[in-house]
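Okay, data24.pdb is below, PDB, C-alpha atoms:
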```pdb
ATOM      1  CA  MET Y   1     -34.495  14.454  -9.599
ATOM      2  CA  ASN Y   2     -33.980  17.560  -7.549
ATOM      3  CA  LEU Y   3     -31.244  17.577  -4.976
ATOM      4  CA  SER Y   4     -31.623  19.822  -1.983
ATOM      5  CA  LEU Y   5     -28.706  21.459  -0.231
ATOM      6  CA  VAL Y   6     -29.062  18.952   2.608
ATOM      7  CA  ASP Y   7     -28.760  16.050   0.146
ATOM      8  CA  VAL Y   8     -25.614  17.494  -1.389
ATOM      9  CA  GLY Y   9     -24.159  18.048   2.090
ATOM     10  CA  PHE Y  10     -25.024  14.526   3.165
ATOM     11  CA  TRP Y  11     -23.439  12.890   0.118
ATOM     12  CA  LEU Y  12     -20.356  15.014   0.582
ATOM     13  CA  CYS Y  13     -20.125  13.868   4.220
ATOM     14  CA  ALA Y  14     -20.815  10.270   3.203
ATOM     15  CA  VAL Y  15     -18.021  10.186   0.619
ATOM     16  CA  VAL Y  16     -15.572  12.005   2.899
ATOM     17  CA  SER Y  17     -16.302   9.749   5.903
ATOM     18  CA  VAL Y  18     -15.949   6.473   3.988
ATOM     19  CA  VAL Y  19     -12.910   7.545   1.942
ATOM     20  CA  ALA Y  20     -11.161   8.941   5.027
ATOM     21  CA  GLY Y  21     -12.063   5.759   6.908
ATOM     22  CA  ALA Y  22     -10.474   3.645   4.180
ATOM     23  CA  LEU Y  23      -7.421   5.911   4.101
ATOM     24  CA  VAL Y  24      -6.809   5.092   7.781
ATOM     25  CA  PHE Y  25      -5.567   1.676   6.687
ATOM     26  CA  TYR Y  26      -3.971   2.809   3.453
ATOM     27  CA  VAL Y  27      -1.742   5.754   4.310
ATOM     28  CA  ASP Y  28       1.901   5.269   5.105
ATOM     29  CA  SER Y  29       2.156   6.656   8.613
ATOM     30  CA  MET Y  30       0.244   6.438  11.840
ATOM     31  CA  ALA Y  31      -0.005  10.198  12.176
ATOM     32  CA  ARG Y  32      -1.755  10.424   8.824
ATOM     33  CA  ALA Y  33      -3.984   7.503   9.796
ATOM     34  CA  THR Y  34      -5.010   9.379  12.937
ATOM     35  CA  TYR Y  35      -5.841  12.514  10.971
ATOM     36  CA  ALA Y  36      -7.833  10.453   8.456
ATOM     37  CA  LEU Y  37      -9.866   8.902  11.279
ATOM     38  CA  ALA Y  38     -10.500  12.363  12.740
ATOM     39  CA  VAL Y  39     -11.736  13.583   9.332
ATOM     40  CA  SER Y  40     -14.039  10.554   9.087
ATOM     41  CA  PHE Y  41     -15.524  11.320  12.510
ATOM     42  CA  VAL Y  42     -15.970  15.004  11.710
ATOM     43  CA  ALA Y  43     -17.837  14.055   8.509
ATOM     44  CA  VAL Y  44     -20.171  11.785  10.496
ATOM     45  CA  GLY Y  45     -20.664  14.600  13.019
ATOM     46  CA  VAL Y  46     -21.662  16.983  10.214
ATOM     47  CA  ALA Y  47     -24.047  14.315   8.845
ATOM     48  CA  LEU Y  48     -25.671  14.182  12.303
ATOM     49  CA  LEU Y  49     -25.985  17.974  12.225
ATOM     50  CA  LEU Y  50     -27.766  17.665   8.859
ATOM     51  CA  MET Y  51     -30.190  15.207  10.463
ATOM     52  CA  GLY Y  52     -31.292  17.756  13.016
ATOM     53  CA  GLN Y  53     -29.131  16.567  15.917
ATOM     54  CA  ALA Y  54     -27.248  19.694  16.845
ATOM     55  CA  TYR Y  55     -25.991  18.517  20.234
ATOM     56  CA  MET Y  56     -24.977  15.030  19.098
ATOM     57  CA  GLY Y  57     -23.201  16.308  16.007
ATOM     58  CA  VAL Y  58     -21.183  18.882  17.932
ATOM     59  CA  ILE Y  59     -20.331  16.426  20.719
ATOM     60  CA  VAL Y  60     -19.104  13.821  18.215
ATOM     61  CA  ILE Y  61     -16.897  16.382  16.451
ATOM     62  CA  LEU Y  62     -15.432  17.837  19.666
ATOM     63  CA  MET Y  63     -14.864  14.480  21.342
ATOM     64  CA  MET Y  64     -13.295  12.842  18.355
ATOM     65  CA  VAL Y  65     -10.911  15.683  17.560
ATOM     66  CA  MET Y  66      -9.705  15.574  21.175
ATOM     67  CA  GLU Y  67      -9.509  11.793  21.129
ATOM     68  CA  MET Y  68      -7.396  11.780  17.993
ATOM     69  CA  ALA Y  69      -5.098  14.365  19.583
ATOM     70  CA  VAL Y  70      -4.649  11.994  22.532
ATOM     71  CA  MET Y  71      -4.003   9.167  20.104
ATOM     72  CA  ALA Y  72      -1.300  11.159  18.327
ATOM     73  CA  VAL Y  73       0.458  11.884  21.642
ATOM     74  CA  TYR Y  74       0.159   8.212  22.551
ATOM     75  CA  MET Y  75       1.799   7.110  19.341
ATOM     76  CA  VAL Y  76       4.694   9.494  19.820
ATOM     77  CA  MET Y  77       5.095   8.124  23.360
ATOM     78  CA  PHE Y  78       5.000   4.410  22.671
ATOM     79  CA  MET Y  79       5.396   3.483  19.080
ATOM     80  CA  GLY Y  80       9.130   3.954  19.139
ATOM     81  CA  MET Y  81       9.326   5.683  15.802
ATOM     82  CA  ASN Y  82       8.673   9.008  14.237
ATOM     83  CA  PRO Y  83       5.044   8.489  13.401
ATOM     84  CA  ALA Y  84       4.997  11.128  10.683
ATOM     85  CA  LEU Y  85       7.890   9.739   8.700
ATOM     86  CA  MET Y  86       8.012   5.995   9.217
ATOM     87  CA  PRO Y  87       6.309   4.170   6.353
ATOM     88  CA  MET Y  88       4.485   1.109   7.509
ATOM     89  CA  SER Y  89       2.544  -1.804   6.199
ATOM     90  CA  MET Y  90       1.870  -4.109   9.065
ATOM     91  CA  VAL Y  91      -1.015  -6.392   8.252
ATOM     92  CA  HIS Y  92      -1.827 -10.032   8.741
ATOM     93  CA  SER Y  93      -4.562 -12.255   7.285
ATOM     94  CA  HIS Y  94      -4.982  -9.658   4.574
ATOM     95  CA  ARG Y  95      -7.196 -11.620   2.183
ATOM     96  CA  SER Y  96      -9.525 -13.027   4.837
ATOM     97  CA  SER Y  97      -9.841  -9.549   6.390
ATOM     98  CA  ILE Y  98     -10.873  -8.075   3.037
ATOM     99  CA  ALA Y  99     -13.361 -10.919   2.619
ATOM    100  CA  ALA Y 100     -14.768 -10.267   6.099
ATOM    101  CA  GLY Y 101     -15.102  -6.539   5.337
ATOM    102  CA  VAL Y 102     -16.831  -7.118   1.993
ATOM    103  CA  GLY Y 103     -19.089  -9.748   3.550
ATOM    104  CA  THR Y 104     -20.041  -7.363   6.358
ATOM    105  CA  PHE Y 105     -20.882  -4.632   3.864
ATOM    106  CA  LEU Y 106     -22.988  -6.955   1.704
ATOM    107  CA  LEU Y 107     -24.883  -8.311   4.721
ATOM    108  CA  LEU Y 108     -25.560  -4.945   6.358
ATOM    109  CA  GLY Y 109     -26.198  -3.236   3.011
ATOM    110  CA  ALA Y 110     -28.713  -5.912   2.017
ATOM    111  CA  GLY Y 111     -30.460  -5.375   5.340
ATOM    112  CA  ALA Y 112     -30.498  -1.604   4.828
ATOM    113  CA  VAL Y 113     -31.998  -1.868   1.343
ATOM    114  CA  LEU Y 114     -34.306  -4.867   1.664
ATOM    115  CA  VAL Y 115     -35.929  -4.314   5.066
ATOM    116  CA  PRO Y 116     -39.337  -2.606   4.685
ATOM    117  CA  TRP Y 117     -38.639   0.280   7.045
ATOM    118  CA  PRO Y 118     -41.712   1.783   8.708
ATOM    119  CA  THR Y 119     -42.679   5.363   8.089
ATOM    120  CA  ARG Y 120     -41.643   8.060  10.483
ATOM    121  CA  ARG Y 121     -43.575   8.188  13.716
ATOM    122  CA  GLY Y 122     -43.959  11.608  15.272
ATOM    123  CA  ALA Y 123     -41.979  14.729  14.461
ATOM    124  CA  PRO Y 124     -38.931  16.225  16.136
ATOM    125  CA  THR Y 125     -39.670  18.854  18.716
ATOM    126  CA  GLY Y 126     -38.662  22.405  18.011
ATOM    127  CA  ASP Y 127     -35.631  22.373  20.287
ATOM    128  CA  VAL Y 128     -34.112  18.896  20.084
ATOM    129  CA  THR Y 129     -31.236  19.738  22.425
ATOM    130  CA  SER Y 130     -33.388  20.927  25.312
ATOM    131  CA  ALA Y 131     -35.729  17.948  24.772
ATOM    132  CA  LEU Y 132     -32.702  15.652  25.136
ATOM    133  CA  GLY Y 133     -31.594  17.539  28.231
ATOM    134  CA  GLU Y 134     -35.015  17.119  29.791
ATOM    135  CA  ALA Y 135     -35.031  13.417  28.872
ATOM    136  CA  ILE Y 136     -31.713  12.662  30.556
ATOM    137  CA  MET Y 137     -32.609  14.698  33.619
ATOM    138  CA  GLU Y 138     -36.152  13.369  33.947
ATOM    139  CA  SER Y 139     -37.597  10.295  32.262
ATOM    140  CA  HIS Y 140     -34.283   8.696  31.232
ATOM    141  CA  MET Y 141     -32.224   9.692  34.233
ATOM    142  CA  ILE Y 142     -31.540   6.038  35.078
ATOM    143  CA  VAL Y 143     -29.360   5.817  31.957
ATOM    144  CA  MET Y 144     -27.133   8.623  33.204
ATOM    145  CA  ILE Y 145     -27.125   7.174  36.716
ATOM    146  CA  ALA Y 146     -25.916   3.853  35.314
ATOM    147  CA  MET Y 147     -23.313   5.545  33.136
ATOM    148  CA  GLY Y 148     -21.716   7.371  36.084
ATOM    149  CA  PRO Y 149     -20.347   4.252  37.854
ATOM    150  CA  VAL Y 150     -19.222   2.840  34.503
ATOM    151  CA  MET Y 151     -17.164   5.984  33.894
ATOM    152  CA  VAL Y 152     -15.690   5.903  37.417
ATOM    153  CA  ALA Y 153     -14.839   2.209  37.001
ATOM    154  CA  THR Y 154     -13.146   3.060  33.705
ATOM    155  CA  ILE Y 155     -11.045   5.761  35.333
ATOM    156  CA  VAL Y 156     -10.001   3.456  38.185
ATOM    157  CA  ALA Y 157      -9.266   0.519  35.859
ATOM    158  CA  GLY Y 158      -7.341   2.753  33.468
ATOM    159  CA  VAL Y 159      -5.123   4.104  36.246
ATOM    160  CA  VAL Y 160      -4.595   0.643  37.768
ATOM    161  CA  LEU Y 161      -3.653  -0.929  34.443
ATOM    162  CA  SER Y 162      -1.391   1.798  33.194
ATOM    163  CA  SER Y 163       0.393   2.982  36.343
ATOM    164  CA  HIS Y 164       4.045   1.959  36.556
ATOM    165  CA  ARG Y 165       4.749   1.393  40.244
ATOM    166  CA  THR Y 166       2.181   1.793  42.944
ATOM    167  CA  ARG Y 167       2.366   1.426  46.732
ATOM    168  CA  TYR Y 168       1.407  -2.234  46.296
ATOM    169  CA  ASP Y 169       4.598  -2.814  44.311
ATOM    170  CA  ARG Y 170       6.607  -1.162  47.081
ATOM    171  CA  LEU Y 171       4.887  -2.513  50.183
ATOM    172  CA  GLY Y 172       3.268  -5.786  49.064
ATOM    173  CA  ASP Y 173      -0.396  -6.709  48.660
ATOM    174  CA  ASP Y 174      -1.126  -6.080  52.357
ATOM    175  CA  LEU Y 175       1.035  -2.939  52.503
ATOM    176  CA  ASP Y 176       3.132  -4.517  55.309
ATOM    177  CA  ARG Y 177       6.474  -5.228  53.628
ATOM    178  CA  ARG Y 178       9.315  -3.449  55.450
ATOM    179  CA  PRO Y 179      11.592  -2.138  54.152
ATOM    180  CA  ALA Y 180       9.808  -1.204  50.980
ATOM    181  CA  ASP Y 181      10.903  -2.901  47.762
ATOM    182  CA  ASP Y 182      12.446   0.019  45.941
ATOM    183  CA  PRO Y 183      14.728  -0.182  42.930
ATOM    184  CA  GLN Y 184      17.053   2.208  44.715
ATOM    185  CA  PRO Y 185      17.486   1.896  48.504
ATOM    186  CA  GLY Y 186      17.287   5.056  50.504
ATOM    187  CA  GLY Y 187      14.540   7.459  51.366
ATOM    188  CA  VAL Y 188      13.366   8.056  54.903
ATOM    189  CA  GLY Y 189      13.060   4.398  55.920
ATOM    190  CA  ARG Y 190       9.303   4.085  55.892
TER     191      ARG Y 190
ATOM    192  CA  MET U 191     -30.790  11.558   1.830
ATOM    193  CA  THR U 192     -33.000   8.635   2.810
ATOM    194  CA  LEU U 193     -32.822   6.090   5.595
ATOM    195  CA  GLU U 194     -31.504   3.488   3.171
ATOM    196  CA  THR U 195     -28.627   5.674   1.988
ATOM    197  CA  VAL U 196     -27.657   6.621   5.539
ATOM    198  CA  LEU U 197     -27.637   2.954   6.546
ATOM    199  CA  LEU U 198     -25.618   2.035   3.448
ATOM    200  CA  VAL U 199     -22.964   4.614   4.320
ATOM    201  CA  ALA U 200     -22.952   3.322   7.910
ATOM    202  CA  SER U 201     -22.557  -0.230   6.569
ATOM    203  CA  ALA U 202     -19.547   0.879   4.532
ATOM    204  CA  LEU U 203     -17.953   2.469   7.610
ATOM    205  CA  ILE U 204     -18.551  -0.658   9.698
ATOM    206  CA  ALA U 205     -17.156  -2.872   6.907
ATOM    207  CA  VAL U 206     -13.963  -0.799   6.659
ATOM    208  CA  GLY U 207     -13.686  -0.990  10.447
ATOM    209  CA  VAL U 208     -14.051  -4.787  10.372
ATOM    210  CA  TYR U 209     -11.287  -4.998   7.781
ATOM    211  CA  GLY U 210      -9.012  -2.790   9.875
ATOM    212  CA  ALA U 211      -9.644  -4.519  13.178
ATOM    213  CA  LEU U 212      -8.935  -7.935  11.639
ATOM    214  CA  SER U 213      -5.984  -7.055   9.443
ATOM    215  CA  GLN U 214      -3.869  -4.611  11.440
ATOM    216  CA  GLN U 215      -0.976  -5.765  13.584
ATOM    217  CA  VAL U 216      -0.301  -2.635  15.614
ATOM    218  CA  VAL U 217      -2.539  -2.429  18.686
ATOM    219  CA  VAL U 218      -3.399   1.229  18.103
ATOM    220  CA  MET U 219      -4.421   0.512  14.516
ATOM    221  CA  VAL U 220      -6.716  -2.291  15.704
ATOM    222  CA  MET U 221      -8.324   0.262  18.015
ATOM    223  CA  MET U 222      -8.783   2.599  15.051
ATOM    224  CA  GLY U 223     -10.706  -0.199  13.321
ATOM    225  CA  LEU U 224     -12.969  -0.560  16.356
ATOM    226  CA  GLU U 225     -13.469   3.221  16.419
ATOM    227  CA  LEU U 226     -14.468   3.198  12.776
ATOM    228  CA  MET U 227     -17.069   0.511  13.475
ATOM    229  CA  ILE U 228     -18.523   2.605  16.311
ATOM    230  CA  ASN U 229     -18.468   5.591  13.938
ATOM    231  CA  GLY U 230     -20.748   3.614  11.626
ATOM    232  CA  VAL U 231     -23.011   2.650  14.531
ATOM    233  CA  ILE U 232     -23.334   6.338  15.511
ATOM    234  CA  LEU U 233     -24.316   7.290  11.957
ATOM    235  CA  ALA U 234     -26.813   4.416  11.698
ATOM    236  CA  ALA U 235     -28.365   5.255  15.085
ATOM    237  CA  GLY U 236     -28.596   8.930  14.118
ATOM    238  CA  GLY U 237     -30.254   8.015  10.817
ATOM    239  CA  LEU U 238     -32.735   5.641  12.445
ATOM    240  CA  TRP U 239     -33.599   8.359  14.976
ATOM    241  CA  TRP U 240     -34.183  11.030  12.339
ATOM    242  CA  PHE U 241     -36.101   8.917   9.839
ATOM    243  CA  LEU U 242     -38.128   6.629  12.103
ATOM    244  CA  ALA U 243     -38.864   8.025  15.546
ATOM    245  CA  PRO U 244     -37.426  11.472  16.300
ATOM    246  CA  ASP U 245     -38.183  11.610  20.007
ATOM    247  CA  PRO U 246     -35.516  12.157  22.708
ATOM    248  CA  SER U 247     -35.258   8.460  23.749
ATOM    249  CA  GLY U 248     -33.267   7.591  20.641
ATOM    250  CA  GLN U 249     -30.801  10.372  21.352
ATOM    251  CA  VAL U 250     -30.247   8.986  24.841
ATOM    252  CA  LEU U 251     -29.288   5.694  23.179
ATOM    253  CA  LEU U 252     -26.824   7.591  20.990
ATOM    254  CA  LEU U 253     -25.298   9.149  24.101
ATOM    255  CA  VAL U 254     -24.784   5.644  25.501
ATOM    256  CA  VAL U 255     -23.044   4.550  22.274
ATOM    257  CA  ILE U 256     -20.691   7.541  22.456
ATOM    258  CA  ALA U 257     -19.984   6.812  26.138
ATOM    259  CA  ALA U 258     -19.226   3.184  25.233
ATOM    260  CA  MET U 259     -16.727   4.445  22.695
ATOM    261  CA  THR U 260     -14.896   6.552  25.269
ATOM    262  CA  VAL U 261     -14.748   3.553  27.616
ATOM    263  CA  GLU U 262     -13.349   1.387  24.807
ATOM    264  CA  MET U 263     -10.758   3.986  23.989
ATOM    265  CA  ALA U 264      -9.645   4.517  27.600
ATOM    266  CA  MET U 265      -9.400   0.805  28.382
ATOM    267  CA  GLY U 266      -7.692   0.097  25.073
ATOM    268  CA  PHE U 267      -5.008   2.698  25.758
ATOM    269  CA  ALA U 268      -4.566   1.381  29.311
ATOM    270  CA  VAL U 269      -4.135  -2.222  28.148
ATOM    271  CA  ALA U 270      -1.789  -1.131  25.353
ATOM    272  CA  THR U 271       0.274   0.837  27.899
ATOM    273  CA  LEU U 272       0.404  -2.221  30.167
ATOM    274  CA  LEU U 273       1.486  -4.467  27.278
ATOM    275  CA  HIS U 274       4.209  -2.028  26.300
ATOM    276  CA  ARG U 275       5.434  -1.662  29.865
ATOM    277  CA  GLN U 276       5.402  -5.349  30.762
ATOM    278  CA  ALA U 277       6.828  -6.828  27.599
ATOM    279  CA  GLY U 278       7.644  -4.023  25.176
ATOM    280  CA  HIS U 279       4.961  -5.202  22.763
ATOM    281  CA  ASP U 280       3.142  -2.916  20.390
ATOM    282  CA  MET U 281       1.919  -5.572  17.957
ATOM    283  CA  THR U 282      -0.957  -7.975  18.464
ATOM    284  CA  ASP U 283       1.054 -10.951  17.202
ATOM    285  CA  MET U 284       3.697 -10.366  19.863
ATOM    286  CA  ALA U 285       1.110 -10.440  22.639
ATOM    287  CA  ALA U 286       0.045 -14.028  22.144
ATOM    288  CA  GLU U 287       0.527 -14.843  25.820
ATOM    289  CA  LEU U 288      -1.849 -13.253  28.248
ATOM    290  CA  HIS U 289       0.031 -13.659  31.521
ATOM    291  CA  GLY U 290       2.332 -10.815  32.429
TER     292      GLY U 290
END
```
File written out as structure tokens:
Amino acid sequence: MNLSLVDVGFWLCAVVSVVAGALVFYVDSMARATYALAVSFVAVGVALLLMGQAYMGVIVILMMVMEMAVMAVYMVMFMGMNPALMPMSMVHSHRSSIAAGVGTFLLLGAGAVLVPWPTRRGAPTGDVTSALGEAIMESHMIVMIAMGPVMVATIVAGVVLSSHRTRYDRLGDDLDRRPADDPQPGGVGR
Amino acid sequence: MTLETVLLVASALIAVGVYGALSQQVVVMVMMGLELMINGVILAAGGLWWFLAPDPSGQVLLLVVIAAMTVEMAMGFAVATLLHRQAGHDMTDMAAELHG
């Protein structure tokens, strides 16, 4: 059995991603859990790079590192504890969750091993990234067109859900309440 | 590196994510479980693309999966912020009632 460099790299990424993923729920603090999840994502990103997907691999790594940074800030803001120092073990339905996880792995793993996968059809083009760029700007543009409104809706919904007090809280649903309902009276009387 | 091994690793990631999403009490940790599941889906989709049909359409699907993950993350943080603001909850068990 001869292992190529790509094989060694893939197995390294595989072990790192799964072990780091498991550590997310094992380590003692949320900050460490966040870092473990970031490591798991970076390992998957490198595995994508090994499978010839330069753009996807880089985008996964960059996005996930930023996302975990946001998550760390979020925890400091809301979790009401020092996330680096506070030990925690907050689980419920532990046994049934383990059973569900093992069952999921056995089911999906059996599918991965037992399904007679077809052989590869076609070969990757020389420049995968520019081929993807052409696809999303030409033949598959509808996907990007559909994704745009979804992203805008997410931004609007995120702001609506998470904003503290908006003009509707002050002025009522029809914006006609006078004087405005402010926690502290005052202002310019509008 | 074969398709089977890639899918097995992806299965392991999804299984760990299922465990986390079901067992954790803190809302953010539940979201980490969901993220881990999507991580596995990304790896599986990347493996299927590389080993079965390496044309650009599959990569467009991967882009959609990654976009879905950002939407999940943004909405999850927004709902968690709302829960914290309305009732001071940061655990799933505390948020048994849906009305604010």
Check your understanding: Given the file above and the ChimeraX specification (/Y :<7) & /U, which residues are selected, and can you give them as an MDAnalysis selection string?
Key -> chainID U and resid 191 194 197:199 201:203 205:206 208:210 212:215 226 229 233 236 240:246 249:250 261 264:265 268:269 271:272 280
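Atom CA of U:Gly278 is positioned 22.8 Å from atom CA of Y:Asp181.
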Practice item. Give me the residues within 12 Å of Y:Arg177 as a list of chain:residue names, counting all atoms listed in the file and dropping any in the same chain fewer than 4 places off. Key: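 With the cut-off at 12 Å, the set is Y:Arg167, Y:Tyr168, Y:Asp169, Y:Arg170, Y:Leu171, Y:Gly172, Y:Asp173, Y:Asp181, Y:Asp182, Y:Gly189, Y:Arg190.
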Practice item. Tell me, in Å to one decimal, how far atom CA of Y:Val27 is from atom CA of U:Met219. Key: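 Calculated distance between atom CA of Y:Val27 and atom CA of U:Met219 is 11.8 Å.
With atom CA of Y:Ala146 on one side and atom CA of U:Val218 on the other, the separation reads 28.5 Å.
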Exercise for review: Compare U:Asp283, U:Met259, U:Gly266, U:Leu193 by their minimum atom-to-atom distance to U:Glu225, counting only C-alpha atoms, and give me the closest one.
Suggested key: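 Comparing U:Asp283, U:Met259, U:Gly266, U:Leu193 against U:Glu225, the winner is U:Met259.
The closest residue to U:His279, picked from U:Ala211, U:Thr195, U:Val255, U:Val216 and counting all atoms listed in the file, is U:Val216.
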Residue completion, stretch 228-237 of chain U, all heavy atoms, as an mmCIF file, in the frame of the given file:
```cif
data_model
loop_
_atom_site.group_PDB
_atom_site.id
_atom_site.type_symbol
_atom_site.label_atom_id
_atom_site.label_comp_id
_atom_site.auth_asym_id
_atom_site.auth_seq_id
_atom_site.Cartn_x
_atom_site.Cartn_y
_atom_site.Cartn_z
ATOM 1 N N ILE U 228 -17.602 1.844 15.454
ATOM 2 C CA ILE U 228 -18.523 2.605 16.311
ATOM 3 C C ILE U 228 -18.983 3.869 15.589
ATOM 4 O O ILE U 228 -20.133 4.302 15.733
ATOM 5 C CB ILE U 228 -17.852 2.925 17.658
ATOM 6 C CG1 ILE U 228 -17.482 1.623 18.361
ATOM 7 C CG2 ILE U 228 -18.782 3.730 18.541
ATOM 8 C CD1 ILE U 228 -16.770 1.810 19.663
ATOM 9 N N ASN U 229 -18.098 4.449 14.755
ATOM 10 C CA ASN U 229 -18.468 5.591 13.938
ATOM 11 C C ASN U 229 -19.682 5.242 13.066
ATOM 12 O O ASN U 229 -20.653 6.010 12.981
ATOM 13 C CB ASN U 229 -17.259 5.969 13.063
ATOM 14 C CG ASN U 229 -17.354 7.342 12.484
ATOM 15 O OD1 ASN U 229 -18.168 8.150 12.928
ATOM 16 N ND2 ASN U 229 -16.535 7.611 11.490
ATOM 17 N N GLY U 230 -19.625 4.055 12.442
ATOM 18 C CA GLY U 230 -20.748 3.614 11.626
ATOM 19 C C GLY U 230 -22.010 3.416 12.448
ATOM 20 O O GLY U 230 -23.112 3.772 12.010
ATOM 21 N N VAL U 231 -21.843 2.864 13.668
ATOM 22 C CA VAL U 231 -23.011 2.650 14.531
ATOM 23 C C VAL U 231 -23.651 3.997 14.896
ATOM 24 O O VAL U 231 -24.876 4.140 14.904
ATOM 25 C CB VAL U 231 -22.603 1.875 15.804
ATOM 26 C CG1 VAL U 231 -23.744 1.832 16.796
ATOM 27 C CG2 VAL U 231 -22.174 0.475 15.447
ATOM 28 N N ILE U 232 -22.802 5.012 15.169
ATOM 29 C CA ILE U 232 -23.334 6.338 15.511
ATOM 30 C C ILE U 232 -24.151 6.889 14.349
ATOM 31 O O ILE U 232 -25.268 7.390 14.525
ATOM 32 C CB ILE U 232 -22.175 7.298 15.861
ATOM 33 C CG1 ILE U 232 -21.536 6.903 17.183
ATOM 34 C CG2 ILE U 232 -22.669 8.735 15.940
ATOM 35 C CD1 ILE U 232 -20.291 7.701 17.517
ATOM 36 N N LEU U 233 -23.593 6.768 13.125
ATOM 37 C CA LEU U 233 -24.316 7.290 11.957
ATOM 38 C C LEU U 233 -25.633 6.538 11.756
ATOM 39 O O LEU U 233 -26.678 7.157 11.508
ATOM 40 C CB LEU U 233 -23.429 7.170 10.712
ATOM 41 C CG LEU U 233 -24.037 7.733 9.434
ATOM 42 C CD1 LEU U 233 -24.277 9.235 9.579
ATOM 43 C CD2 LEU U 233 -23.148 7.473 8.229
ATOM 44 N N ALA U 234 -25.594 5.200 11.887
ATOM 45 C CA ALA U 234 -26.813 4.416 11.698
ATOM 46 C C ALA U 234 -27.857 4.772 12.752
ATOM 47 O O ALA U 234 -29.042 4.954 12.432
ATOM 48 C CB ALA U 234 -26.479 2.922 11.774
ATOM 49 N N ALA U 235 -27.418 4.920 14.018
ATOM 50 C CA ALA U 235 -28.365 5.255 15.085
ATOM 51 C C ALA U 235 -28.954 6.641 14.851
ATOM 52 O O ALA U 235 -30.164 6.858 15.027
ATOM 53 C CB ALA U 235 -27.671 5.185 16.446
ATOM 54 N N GLY U 236 -28.094 7.592 14.417
ATOM 55 C CA GLY U 236 -28.596 8.930 14.118
ATOM 56 C C GLY U 236 -29.604 8.909 12.985
ATOM 57 O O GLY U 236 -30.643 9.584 13.034
ATOM 58 N N GLY U 237 -29.328 8.112 11.951
ATOM 59 C CA GLY U 237 -30.254 8.015 10.817
ATOM 60 C C GLY U 237 -31.568 7.383 11.221
ATOM 61 O O GLY U 237 -32.652 7.868 10.851
#
```
